[in-house]
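The file structure-v8.txt comes next; it holds compact mmCIF, C-alpha atoms and all ligand atoms.
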```
# COMPACT_ATOMS: atom_id res chain seq x y z
CA MET D 25 -4.67 3.14 -25.46
CA GLU D 26 -7.75 3.22 -23.28
CA ILE D 27 -7.63 3.30 -19.49
CA LYS D 28 -10.63 1.43 -18.11
CA GLY D 29 -9.60 0.96 -14.51
CA CYS D 30 -7.29 2.15 -11.73
CA ILE D 31 -6.00 0.07 -8.85
CA PHE D 32 -4.71 1.89 -5.80
CA ASP D 33 -2.28 0.68 -3.19
CA LEU D 34 -3.41 1.86 0.28
CA ASP D 35 -0.56 2.79 2.58
CA GLY D 36 1.39 5.71 1.07
CA VAL D 37 -1.08 6.24 -1.78
CA ILE D 38 -4.50 6.78 -0.21
CA VAL D 39 -3.54 7.29 3.41
CA ASP D 40 -0.29 7.71 5.34
CA THR D 41 -0.56 4.71 7.62
CA ALA D 42 3.21 4.10 7.31
CA LYS D 43 3.76 6.29 10.38
CA TYR D 44 1.55 4.01 12.47
CA HIS D 45 3.28 0.87 11.17
CA TYR D 46 6.58 2.57 12.09
CA GLN D 47 5.43 3.46 15.62
CA SER D 48 4.24 -0.12 16.18
CA TRP D 49 7.47 -1.71 14.96
CA LYS D 50 9.49 0.78 17.02
CA ARG D 51 7.51 -0.21 20.10
CA LEU D 52 8.19 -3.91 19.46
CA ALA D 53 11.91 -3.24 18.90
CA LYS D 54 12.05 -1.30 22.16
CA GLU D 55 10.45 -4.21 24.00
CA LEU D 56 13.10 -6.47 22.49
CA GLY D 57 15.86 -4.09 23.62
CA PHE D 58 16.96 -2.23 20.51
CA GLU D 59 16.22 1.01 18.67
CA PHE D 60 14.41 0.62 15.37
CA ASP D 61 16.03 2.58 12.57
CA GLU D 62 13.85 4.82 10.38
CA ALA D 63 15.95 3.95 7.31
CA VAL D 64 15.11 0.26 7.78
CA ASN D 65 11.46 1.29 7.98
CA GLU D 66 11.58 2.32 4.28
CA ARG D 67 12.16 -1.34 3.39
CA LEU D 68 8.93 -2.38 5.12
CA LYS D 69 6.71 -0.46 2.73
CA GLY D 70 4.35 -2.68 0.77
CA ILE D 71 5.50 -5.98 2.23
CA SER D 72 3.54 -8.32 4.50
CA ARG D 73 3.49 -8.20 8.28
CA MET D 74 5.62 -11.36 8.67
CA ASP D 75 8.15 -10.28 6.03
CA SER D 76 8.38 -6.94 7.86
CA LEU D 77 8.97 -8.68 11.20
CA ASN D 78 11.82 -10.71 9.69
CA ILE D 79 13.54 -7.47 8.60
CA VAL D 80 12.98 -5.86 12.02
CA LEU D 81 14.40 -8.89 13.84
CA ALA D 82 17.41 -9.00 11.50
CA GLN D 83 18.14 -5.36 12.34
CA GLY D 84 18.19 -6.22 16.04
CA GLY D 85 20.20 -9.42 15.42
CA ILE D 86 17.48 -11.40 17.17
CA LEU D 87 16.67 -15.07 16.54
CA VAL D 88 13.27 -16.41 17.64
CA THR D 89 11.04 -19.43 16.98
CA GLU D 90 8.16 -19.38 14.48
CA GLU D 91 5.74 -19.43 17.39
CA GLU D 92 7.36 -16.38 18.96
CA LYS D 93 7.17 -14.62 15.60
CA GLU D 94 3.42 -15.24 15.46
CA THR D 95 3.05 -13.70 18.93
CA MET D 96 5.14 -10.67 17.94
CA CYS D 97 3.08 -10.11 14.76
CA TYR D 98 -0.08 -10.33 16.85
CA GLU D 99 1.24 -7.85 19.40
CA LYS D 100 2.43 -5.40 16.72
CA ASN D 101 -0.95 -5.58 15.03
CA GLU D 102 -2.82 -4.90 18.28
CA TRP D 103 -0.82 -1.67 18.72
CA TYR D 104 -1.31 -0.78 15.07
CA LYS D 105 -5.07 -1.31 15.39
CA GLU D 106 -5.09 1.05 18.38
CA TYR D 107 -3.34 3.74 16.31
CA ILE D 108 -5.71 3.39 13.36
CA SER D 109 -8.89 3.11 15.42
CA GLU D 110 -9.33 6.89 15.35
CA LEU D 111 -8.68 7.40 11.63
CA ASP D 112 -11.00 9.76 9.81
CA GLU D 113 -11.25 11.55 6.49
CA SER D 114 -8.57 14.07 7.52
CA GLU D 115 -5.95 11.32 7.14
CA LEU D 116 -6.60 10.96 3.41
CA LEU D 117 -3.62 12.03 1.31
CA PRO D 118 -4.20 15.31 -0.57
CA GLY D 119 -6.41 15.14 -3.65
CA VAL D 120 -6.92 11.38 -3.73
CA LYS D 121 -10.64 11.32 -2.88
CA VAL D 122 -11.52 13.98 -5.45
CA PHE D 123 -9.40 12.15 -8.03
CA ILE D 124 -11.20 8.83 -7.41
CA GLU D 125 -14.61 10.50 -7.50
CA GLY D 126 -13.70 12.10 -10.83
CA LEU D 127 -12.64 8.76 -12.27
CA ARG D 128 -15.89 7.13 -11.21
CA ALA D 129 -17.86 9.93 -12.85
CA GLU D 130 -16.04 9.12 -16.10
CA GLY D 131 -16.88 5.43 -15.79
CA VAL D 132 -13.37 4.28 -14.81
CA LYS D 133 -13.49 1.24 -12.51
CA ILE D 134 -11.75 1.49 -9.14
CA GLY D 135 -9.89 -1.22 -7.26
CA LEU D 136 -7.77 -1.59 -4.13
CA GLY D 137 -4.58 -3.68 -4.16
CA SER D 138 -3.03 -3.60 -0.70
CA ALA D 139 -0.82 -5.94 1.32
CA SER D 140 -2.54 -4.85 4.52
CA ARG D 141 -4.94 -7.17 6.29
CA ASN D 142 -6.42 -4.05 7.88
CA ALA D 143 -7.15 -2.38 4.54
CA LYS D 144 -10.95 -2.75 4.54
CA THR D 145 -11.22 -1.43 8.11
CA ILE D 146 -9.08 1.56 7.17
CA LEU D 147 -11.10 2.42 4.03
CA LYS D 148 -14.27 2.19 6.08
CA GLY D 149 -12.74 4.35 8.84
CA ILE D 150 -11.87 7.12 6.41
CA GLY D 151 -15.27 6.78 4.77
CA ILE D 152 -14.31 5.92 1.19
CA ASP D 153 -14.96 2.17 0.94
CA HIS D 154 -18.09 2.82 -1.14
CA LEU D 155 -15.92 4.27 -3.94
CA PHE D 156 -14.31 0.89 -4.71
CA ASP D 157 -15.65 -1.68 -7.17
CA VAL D 158 -13.27 -4.29 -5.79
CA MET D 159 -11.04 -4.47 -2.72
CA ILE D 160 -8.20 -7.00 -2.63
CA ASP D 161 -5.98 -7.02 0.44
CA GLY D 162 -3.62 -9.17 2.47
CA ASN D 163 -6.48 -11.49 3.47
CA ASP D 164 -7.21 -12.39 -0.15
CA VAL D 165 -3.76 -13.40 -1.38
CA SER D 166 -1.26 -16.11 -0.60
CA LYS D 167 1.76 -14.40 -2.20
CA SER D 168 2.87 -10.89 -1.33
CA LYS D 169 4.31 -8.15 -3.56
CA PRO D 170 6.50 -8.31 -5.70
CA ASP D 171 4.27 -11.22 -6.72
CA PRO D 172 1.46 -9.64 -8.79
CA GLU D 173 -1.35 -11.79 -7.28
CA VAL D 174 -2.99 -8.86 -5.47
CA PHE D 175 -3.22 -6.75 -8.64
CA LEU D 176 -4.22 -9.65 -10.89
CA LYS D 177 -7.08 -10.52 -8.54
CA GLY D 178 -8.06 -6.85 -8.58
CA ALA D 179 -8.12 -6.72 -12.39
CA GLU D 180 -10.10 -9.96 -12.47
CA GLY D 181 -12.62 -8.47 -10.05
CA LEU D 182 -12.95 -5.42 -12.27
CA GLY D 183 -13.28 -7.65 -15.35
CA LEU D 184 -10.38 -5.85 -17.05
CA ALA D 185 -7.09 -6.83 -18.69
CA PRO D 186 -3.97 -5.44 -16.93
CA GLU D 187 -2.97 -3.42 -20.00
CA HIS D 188 -6.07 -1.22 -19.49
CA VAL D 189 -5.46 -0.68 -15.78
CA VAL D 190 -3.20 1.88 -14.07
CA VAL D 191 -1.62 0.83 -10.76
CA PHE D 192 -0.70 3.61 -8.31
CA GLU D 193 2.04 2.44 -5.93
CA ASP D 194 4.47 4.01 -3.46
CA ALA D 195 6.63 0.91 -2.93
CA ARG D 196 9.32 -0.52 -5.20
CA LYS D 197 8.06 -4.06 -4.64
CA GLY D 198 4.54 -3.00 -5.59
CA LEU D 199 5.74 -1.36 -8.79
CA GLU D 200 7.73 -4.48 -9.62
CA ALA D 201 4.51 -6.51 -9.18
CA ALA D 202 2.52 -4.19 -11.45
CA ILE D 203 5.20 -4.22 -14.16
CA THR D 204 5.59 -8.03 -14.10
CA ALA D 205 1.89 -8.48 -14.79
CA GLY D 206 1.62 -5.86 -17.56
CA PHE D 207 -0.25 -3.08 -15.75
CA ILE D 208 0.44 0.63 -16.40
CA PRO D 209 2.57 1.59 -13.36
CA VAL D 210 2.60 5.03 -11.77
CA GLY D 211 5.01 5.66 -8.88
CA VAL D 212 3.65 7.79 -6.07
CA GLY D 213 6.87 9.41 -4.91
CA SER D 214 10.19 10.50 -6.36
CA PRO D 215 11.96 8.85 -9.34
CA GLU D 216 15.04 8.46 -7.10
CA LEU D 217 13.15 6.32 -4.58
CA LEU D 218 11.08 4.51 -7.22
CA PRO D 219 13.35 3.85 -10.21
CA GLU D 220 11.14 1.00 -11.48
CA ALA D 221 8.44 3.37 -12.74
CA ASP D 222 8.65 5.61 -15.83
CA MET D 223 5.84 7.81 -14.58
CA HIS D 224 5.71 9.50 -11.17
CA ILE D 225 3.40 11.80 -9.26
CA GLN D 226 4.09 13.50 -5.94
CA SER D 227 0.43 13.91 -5.07
CA PHE D 228 -3.04 13.53 -6.62
CA GLU D 229 -3.70 17.24 -6.28
CA ASN D 230 -4.21 18.79 -9.72
CA PHE D 231 -3.52 15.45 -11.38
CA SER D 232 -5.65 13.85 -14.08
CA LEU D 233 -5.51 10.61 -16.06
CA GLU D 234 -4.90 12.70 -19.18
CA GLU D 235 -1.31 13.07 -18.00
CA VAL D 236 -0.85 9.31 -17.95
CA LEU D 237 -2.35 9.04 -21.43
CA SER D 238 -0.10 11.74 -22.86
CA GLN D 239 3.00 10.08 -21.36
CA LEU D 240 1.92 6.75 -22.81
CA ASP D 241 1.45 8.33 -26.24
CA LYS D 242 4.95 9.83 -26.05
CA SER D 243 6.53 6.49 -25.17
CA ALA D 244 4.52 4.54 -27.81
P1 LIG D 301 -0.88 -5.23 7.94
P2 LIG D 301 0.11 -1.38 1.36
C1 LIG D 301 1.27 -2.48 3.48
O1 LIG D 301 0.23 -1.70 2.93
C2 LIG D 301 2.26 -1.60 4.24
O2 LIG D 301 2.91 -0.71 3.32
C3 LIG D 301 3.29 -2.45 4.92
O3 LIG D 301 4.20 -1.64 5.64
C4 LIG D 301 2.58 -3.43 5.86
O4 LIG D 301 3.52 -4.29 6.49
C5 LIG D 301 1.59 -4.26 5.04
O5 LIG D 301 0.67 -3.40 4.40
C6 LIG D 301 0.82 -5.25 5.89
O6 LIG D 301 -0.04 -4.54 6.75
O7 LIG D 301 0.06 -5.52 9.05
O8 LIG D 301 -1.93 -4.18 8.25
O9 LIG D 301 -1.51 -6.48 7.37
O10 LIG D 301 1.18 -0.36 1.07
O11 LIG D 301 0.28 -2.65 0.57
O12 LIG D 301 -1.28 -0.80 1.26
MG MG D 302 2.08 1.31 -0.08
```

Kindly present the structure from the file in structure tokens form.
Amino acid sequence: MEIKGCIFDLDGVIVDTAKYHYQSWKRLAKELGFEFDEAVNERLKGISRMDSLNIVLAQGGILVTEEEKETMCYEKNEWYKEYISELDESELLPGVKVFIEGLRAEGVKIGLGSASRNAKTILKGIGIDHLFDVMIDGNDVSKSKPDPEVFLKGAEGLGLAPEHVVVFEDARKGLEAAITAGFIPVGVGSPELLPEADMHIQSFENFSLEEVLSQLDKSA
């Protein structure tokens, strides 16, 4: 088996923007008169802004019109943009930049597969956008994870078949998407939280693609 490309999810894999999403949803919930639960926040990982809002509103038992939902998504995103406006390289998760640079040096193609419509701004903010051969985000897809559209478009952009591409994901729905479309899935997080994946890493520090290859050989 040859690995020719790697596609990275953004939030929870390259950078910990989940805390800023959480703060923004919490602020919206407060405005609507209820406390937003951190456990519910786990379910928002990897899914679109509108799908997230629907979960937040359900937690508060709040019914609103579609128009009001649009306004709430807009408002939440304005706060989120404020939080991420000061992002810099220090917000990168440990080891990920060095790992990506190493892959590029070996000729492995690099892609982004994120649900976030702010993904390109974030990559630019942390100064690593130039490391990506293709960037697919929430602006480029019509179906969100667990639909594999975002990863399939990424593989297409890299000119690679999914079976030669590793997908690094921290969300169950993202792993489901990668598995459905025949990518090599690696869960970034614990096996307990990400039961869909056979392979897991806690961080990119001291990690190399060789480990993925040896696990694949064992399971072949
Ligand atoms: P935005 P990922 C996802 O990013 C987040 O995990 C998820 O919590 C968020 O709702 C989604 O992006 C949309 O983000 O509001 O910026 O468009 O994990 O797919 O990189
Ligand atoms: Mg994620």

(message) I'd like to know which of D:Cys30, D:Ile208, D:Leu81, D:Ala143 is closest to ligand MG 302 (chain D), using all atoms listed in the file.
(response) D:Ala143

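Each of D:Cys97, D:Ala139, D:Leu77, D:Val132 was checked against ligand LIG 301 (chain D) using only C-alpha atoms and all ligand atoms; the smallest atom-to-atom distance is that of D:Ala139.
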
As a PDB file with C-alpha atoms, in the frame of the given file, please: every protein or nucleic acid residue near ligand MG 302 (chain D) (cut-off 7 Å, counting all atoms listed in the file).
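selection34.pdb was written with the following content:
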```pdb
ATOM      1  CA  ASP D  33      -2.280   0.680  -3.190  1.00  0.00           C
ATOM      2  CA  LEU D  34      -3.410   1.860   0.280  1.00  0.00           C
ATOM      3  CA  ASP D  35      -0.560   2.790   2.580  1.00  0.00           C
ATOM      4  CA  GLY D  36       1.390   5.710   1.070  1.00  0.00           C
ATOM      5  CA  VAL D  37      -1.080   6.240  -1.780  1.00  0.00           C
ATOM      6  CA  LYS D  69       6.710  -0.460   2.730  1.00  0.00           C
ATOM      7  CA  GLY D  70       4.350  -2.680   0.770  1.00  0.00           C
ATOM      8  CA  GLU D 193       2.040   2.440  -5.930  1.00  0.00           C
ATOM      9  CA  ASP D 194       4.470   4.010  -3.460  1.00  0.00           C
ATOM     10  CA  ALA D 195       6.630   0.910  -2.930  1.00  0.00           C
TER      11      ALA D 195
END
```

(message) Could you check the closest approach to ligand LIG 301 (chain D) for each of D:Arg141, D:Lys169, D:Lys121, D:Lys105 and tell me which residue wins, using only C-alpha atoms and all ligand atoms?
(response)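 Ranking D:Arg141, D:Lys169, D:Lys121, D:Lys105 by distance to ligand LIG 301 (chain D), first place goes to D:Arg141.
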
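Note that the spacing between CA of Lys144 (chain D) and CA of Val236 (chain D) amounts to 27.4 Å.
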
(message) When you count only C-alpha atoms and all ligand atoms, which of these residues is closest to ligand LIG 301 (chain D): D:Asn163, D:Asn142, D:Asn230, D:Ser168?
(response)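 Among the listed residues, the smallest separation from ligand LIG 301 (chain D) belongs to D:Asn142.
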
(request) Give me, please, the distance in Å between CA of Arg67 (chain D) and CA of Gln47 (chain D), quoted to one decimal. (result) 14.8 Å

(request) In Å, rounded to a single decimal, give me how far CA of Val158 (chain D) is from CA of Gly181 (chain D). (result)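 Here the two named atoms are 6.0 Å from each other.
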